[in-house]
Every structure is written in C-alpha cells, then in structure tokens.
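Novice: Structure below; questions to follow.
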Amino acid sequence: MQIENNDRQKMSGLPSLIKRGVCFFIQDCHITKDILKSVLEVLKKNREMSPEKTTRVRNELAILVYHKSPERIKESYVAALSQDDALEVLEAVSHYFLSTYDGIDKVKEKLLEYKAAADPAERVSRNILKILGEYGINIAELVEMSTLISEAIDVEPFQRTRKAFELTEEDMTEIINHFFVNNYRQFITKENEQ
C-alpha cells in the first residue's frame, strides 16, 4: 500500500473513530518495529539474517501484535467509547493492517493459532526459528525471545492504547500526517530493516 499526498489529505478529513483506528495501527507499527529490533539482537548472535528472512520475521511479529489489538482496544474503550464505536476503531486497524501486510501468507490461520496458544509469545518464537530453517530448538534462545516478546506485547501496548484514547482531533491528524510523511516507508520496505 502506498500513501500519496492526496491520500494524506483524505486522512485528515477522516471521521474521528477512523482516525483513532489509524493511530492504533501506527502504534502497532512502532510496537512491531521495537520487538523486531530486540528479536534480531537475539537472532544475530548466532547467525546471519537475510533481508527476506528479516521481512518474514517482521511479518510474524506484526501478526502477533495485531492479534492483541482487539484485547487492547476492548480493555481501553470501556470509559471512552461504546462497543459499536470500539468495533469501528478495530475495523480501521484491521483495514490498515491487512492493506499494509497483504503479502503475509495465512494471516487468518496465524491469528487462530495465536488465539489458541497457551503462550502466544512462545508460539511466535518457535515460528520464527522455523522461518530460519531451524527445527532443532535452542532452548536458551527460545526462552530469551519469548520473554522479550511477551514483555513487549503485554505491558507497554496497553499503556499506549489508553493514551491513544486521550488524543484530540488535532493530535490524531498530526500523528497520522507525520507517520505517513516520515515513517511509513520504513515499515513496509526492506531498505531500513536491520
């Protein structure tokens, strides 16, 4: 998905709930980027990472972060929005997630897999090691990755989500414009992946 200047202008005129959903999507991009950086630090200790495999690892993490979005929004909307409004926010998050990561295989299957997993962070860590073609699991590495991912998806995102419900219209417009002008490409292209 490519965001052009006229698309940015359209975003400025979006209804408030859709803007809020776009802001949640932007949060998810930043959360995914932060987790990816930590996971790559673990993985690069013992191996080289090709850009293709780095992209696949990022996509796996993005699905996990997206998987947590309904829970984050549900926990945070109670005081701020009706259930219908919260669903509209979630639909906007879903739209931008699916548009951005439309190359990800089996998104629905992965979401069901993470929902069914007793420990989604461990499950994604195992999937990452499979992406790398490593079926003999290094337990220490698995535990380190699982711990990093679990901490990253279970605490800070909920704090960020609560803050997002406090954003004004002007705040949301500024965040959206700044992200799509300055940051969006690095989240969807390989050139800035580490």
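Here's how to read the names in the structure tokens: chain A, B, ... by the order shown, residue numbers from 1 in each chain, ligand numbers from 1 in the order shown.
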Check region 5-155 of chain A with DSSP on the backbone and list each residue it calls helix (DSSP H, G or I), as a PyMOL selection string.
Specialist: chain A and resi 5-12+16-43+51-77+83-100+107-116+120-131+139-154
Novice: Give me the residues of region 82-142 of chain A that have any atom at most 12 Å from an atom of region 51-63 of chain A; for each, the nearest atom pair and the distance in Å, rounded to one decimal. Use only C-alpha atoms, sort by chain and number, and format it as a tab-separated table.
Specialist:
```
residue	atom	partner	partner_atom	distance
A:Ser94	CA	A:Ile63	CA	10.8
A:Phe97	CA	A:Ala62	CA	8.6
A:Leu98	CA	A:Ile63	CA	9.8
A:Thr100	CA	A:Asn59	CA	10.3
A:Tyr101	CA	A:Asn59	CA	7.3
A:Asp102	CA	A:Asn59	CA	10.1
A:Gly103	CA	A:Asn59	CA	9.0
A:Ile104	CA	A:Asn59	CA	6.6
A:Asp105	CA	A:Asn59	CA	9.3
A:Lys106	CA	A:Ile63	CA	10.1
A:Val107	CA	A:Ile63	CA	7.0
A:Lys108	CA	A:Ile63	CA	9.3
A:Glu109	CA	A:Ile63	CA	10.4
A:Lys110	CA	A:Ile63	CA	7.3
A:Leu111	CA	A:Ile63	CA	6.9
A:Leu112	CA	A:Ile63	CA	10.7
A:Glu113	CA	A:Ile63	CA	10.6
A:Tyr114	CA	A:Ile63	CA	9.0
A:Lys115	CA	A:Ile63	CA	11.2
A:Pro120	CA	A:Leu61	CA	10.6
A:Ala121	CA	A:Leu61	CA	9.3
A:Glu122	CA	A:Leu61	CA	11.6
A:Arg123	CA	A:Glu60	CA	10.4
A:Val124	CA	A:Glu60	CA	6.9
A:Ser125	CA	A:Leu61	CA	9.0
A:Arg126	CA	A:Glu60	CA	10.7
A:Asn127	CA	A:Glu60	CA	7.8
A:Ile128	CA	A:Val57	CA	5.9
A:Leu129	CA	A:Val57	CA	9.0
A:Lys130	CA	A:Val57	CA	10.0
A:Ile131	CA	A:Lys53	CA	7.0
A:Leu132	CA	A:Lys53	CA	6.8
A:Gly133	CA	A:Lys53	CA	9.9
```
Novice: Go ahead and write the selection's residues with N, CA and C atoms as a CSV table (one decimal), in the first residue's frame.
Specialist:
```csv
chain,number,residue,atom,x,y,z
A,94,SER,N,-7.8,-3.0,11.4
A,94,SER,CA,-7.8,-4.2,10.6
A,94,SER,C,-7.6,-3.8,9.1
A,97,PHE,N,-3.9,-2.7,8.7
A,97,PHE,CA,-3.0,-3.8,8.9
A,97,PHE,C,-3.1,-4.7,7.6
A,98,LEU,N,-4.3,-5.1,7.2
A,98,LEU,CA,-4.4,-6.0,6.1
A,98,LEU,C,-3.9,-5.4,4.8
A,100,THR,N,-1.5,-3.1,4.6
A,100,THR,CA,0.0,-2.9,4.7
A,100,THR,C,0.7,-4.3,4.5
A,101,TYR,N,0.1,-5.3,5.1
A,101,TYR,CA,0.8,-6.6,5.2
A,101,TYR,C,0.0,-7.6,4.3
A,102,ASP,N,-0.4,-7.1,3.1
A,102,ASP,CA,-1.2,-8.0,2.2
A,102,ASP,C,-0.4,-9.2,1.7
A,103,GLY,N,0.9,-9.1,1.8
A,103,GLY,CA,1.8,-10.2,1.3
A,103,GLY,C,1.9,-11.3,2.3
A,104,ILE,N,1.4,-11.1,3.5
A,104,ILE,CA,1.6,-12.2,4.5
A,104,ILE,C,0.7,-13.4,4.2
A,105,ASP,N,1.3,-14.5,4.2
A,105,ASP,CA,0.5,-15.7,4.0
A,105,ASP,C,-0.2,-16.2,5.2
A,106,LYS,N,-1.4,-16.6,5.0
A,106,LYS,CA,-2.2,-17.3,6.1
A,106,LYS,C,-2.4,-16.4,7.3
A,107,VAL,N,-2.8,-15.2,7.1
A,107,VAL,CA,-3.0,-14.3,8.3
A,107,VAL,C,-4.1,-14.9,9.2
A,108,LYS,N,-5.2,-15.3,8.7
A,108,LYS,CA,-6.3,-15.8,9.5
A,108,LYS,C,-5.9,-17.0,10.3
A,109,GLU,N,-5.1,-17.9,9.6
A,109,GLU,CA,-4.7,-19.2,10.3
A,109,GLU,C,-3.7,-18.8,11.4
A,110,LYS,N,-2.9,-17.8,11.2
A,110,LYS,CA,-1.9,-17.4,12.2
A,110,LYS,C,-2.7,-16.8,13.4
A,111,LEU,N,-3.7,-16.0,13.1
A,111,LEU,CA,-4.4,-15.4,14.2
A,111,LEU,C,-5.1,-16.4,15.1
A,112,LEU,N,-5.7,-17.4,14.4
A,112,LEU,CA,-6.3,-18.5,15.1
A,112,LEU,C,-5.3,-19.3,15.9
A,113,GLU,N,-4.1,-19.5,15.3
A,113,GLU,CA,-3.0,-20.2,16.0
A,113,GLU,C,-2.6,-19.5,17.3
A,114,TYR,N,-2.5,-18.2,17.2
A,114,TYR,CA,-2.1,-17.4,18.4
A,114,TYR,C,-3.2,-17.3,19.4
A,115,LYS,N,-4.4,-17.3,19.0
A,115,LYS,CA,-5.5,-17.2,19.9
A,115,LYS,C,-5.6,-18.6,20.7
A,120,PRO,N,1.3,-17.3,23.4
A,120,PRO,CA,1.5,-16.8,22.1
A,120,PRO,C,2.9,-16.3,21.8
A,121,ALA,N,3.6,-15.8,22.8
A,121,ALA,CA,5.0,-15.3,22.6
A,121,ALA,C,5.9,-16.5,22.3
A,122,GLU,N,5.7,-17.6,23.0
A,122,GLU,CA,6.5,-18.8,22.7
A,122,GLU,C,6.2,-19.3,21.4
A,123,ARG,N,4.9,-19.3,21.0
A,123,ARG,CA,4.5,-19.9,19.7
A,123,ARG,C,5.1,-19.1,18.6
A,124,VAL,N,5.1,-17.7,18.7
A,124,VAL,CA,5.7,-16.9,17.6
A,124,VAL,C,7.2,-17.1,17.6
A,125,SER,N,7.8,-17.3,18.8
A,125,SER,CA,9.3,-17.6,18.8
A,125,SER,C,9.6,-18.9,18.1
A,126,ARG,N,8.8,-19.9,18.3
A,126,ARG,CA,9.0,-21.2,17.6
A,126,ARG,C,8.8,-21.0,16.1
A,127,ASN,N,7.8,-20.2,15.7
A,127,ASN,CA,7.6,-20.0,14.3
A,127,ASN,C,8.8,-19.2,13.6
A,128,ILE,N,9.3,-18.3,14.4
A,128,ILE,CA,10.5,-17.5,13.9
A,128,ILE,C,11.7,-18.5,13.6
A,129,LEU,N,11.9,-19.4,14.6
A,129,LEU,CA,13.0,-20.3,14.4
A,129,LEU,C,12.8,-21.2,13.2
A,130,LYS,N,11.5,-21.6,13.0
A,130,LYS,CA,11.1,-22.4,11.8
A,130,LYS,C,11.4,-21.6,10.5
A,131,ILE,N,11.1,-20.3,10.5
A,131,ILE,CA,11.3,-19.4,9.3
A,131,ILE,C,12.8,-19.5,9.0
A,132,LEU,N,13.7,-19.6,10.0
A,132,LEU,CA,15.1,-19.6,9.8
A,132,LEU,C,15.6,-21.0,9.4
A,133,GLY,N,14.6,-22.0,9.3
A,133,GLY,CA,15.0,-23.3,9.0
A,133,GLY,C,15.6,-24.1,10.1
```
Novice: Using only C-alpha atoms, which of A:Val42, A:Ile73, A:Ala117, A:Cys29 sits nearest Ala164 (chain A)?
Specialist: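 Distance minimum relative to Ala164 (chain A) lands on A:Ile73.
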Novice: Just want the 9 Å neighbourhood of Thr173 (chain A), counted on only C-alpha atoms, with same-chain residues fewer than 2 positions away dropped. Output as a tab-separated table (two decimals) with C-alpha atoms, in the first residue's frame.
Specialist:
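The result, stored in part36.tsv:
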```tsv
chain	number	residue	atom	x	y	z
A	11	MET	CA	-6.87	11.06	6.01
A	12	SER	CA	-7.03	14.50	7.59
A	13	GLY	CA	-10.75	14.56	6.80
A	19	LYS	CA	-8.52	8.41	12.71
A	23	CYS	CA	-3.45	5.91	15.28
A	168	THR	CA	-7.56	15.18	20.42
A	169	GLU	CA	-8.59	15.53	16.77
A	170	GLU	CA	-5.58	17.77	16.17
A	171	ASP	CA	-3.23	15.29	17.87
A	175	ILE	CA	0.34	11.84	14.25
A	176	ILE	CA	-1.17	10.45	11.06
A	177	ASN	CA	0.42	13.05	8.80
A	178	HIS	CA	3.81	12.73	10.50
```
Novice: For a test of reading the model, state the distance in Å between CA of Leu148 (chain A) and CA of Ile35 (chain A), rounded to one decimal.
Specialist: 7.6 Å
Novice: I need the residue nearest Gly21 (chain A) from this list: A:Ser69, A:Ser99, A:Ser38, A:Ser146. Use only C-alpha atoms for the distance.
Specialist: A:Ser69
Novice: Would you mind telling me which residue in A:Glu141, A:Glu48, A:Asp28, A:Asp34 lies nearest to His67 (chain A) when using only C-alpha atoms?
Specialist: A:Asp28
Novice: Of the residues A:Asn182, A:Thr32, A:Ser50, A:Ser16, which is the one nearest to Glu88 (chain A), using only C-alpha atoms?
Specialist: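 Answer, going by the shortest atom-to-atom distance: A:Ser16.
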Novice: Taking only C-alpha atoms into account, name the residue in A:Glu166, A:Leu64, A:Glu41, A:Glu91 that is nearest to Glu144 (chain A).
Specialist: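 Of A:Glu166, A:Leu64, A:Glu41, A:Glu91, the one nearest Glu144 (chain A) is A:Glu41, counting only C-alpha atoms.
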Novice: What gap, in Å, lies between CA of Met172 (chain A) and CA of Ala152 (chain A)?
Specialist: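 Interatomic distance, CA of Met172 (chain A) to CA of Ala152 (chain A): 23.5 Å.
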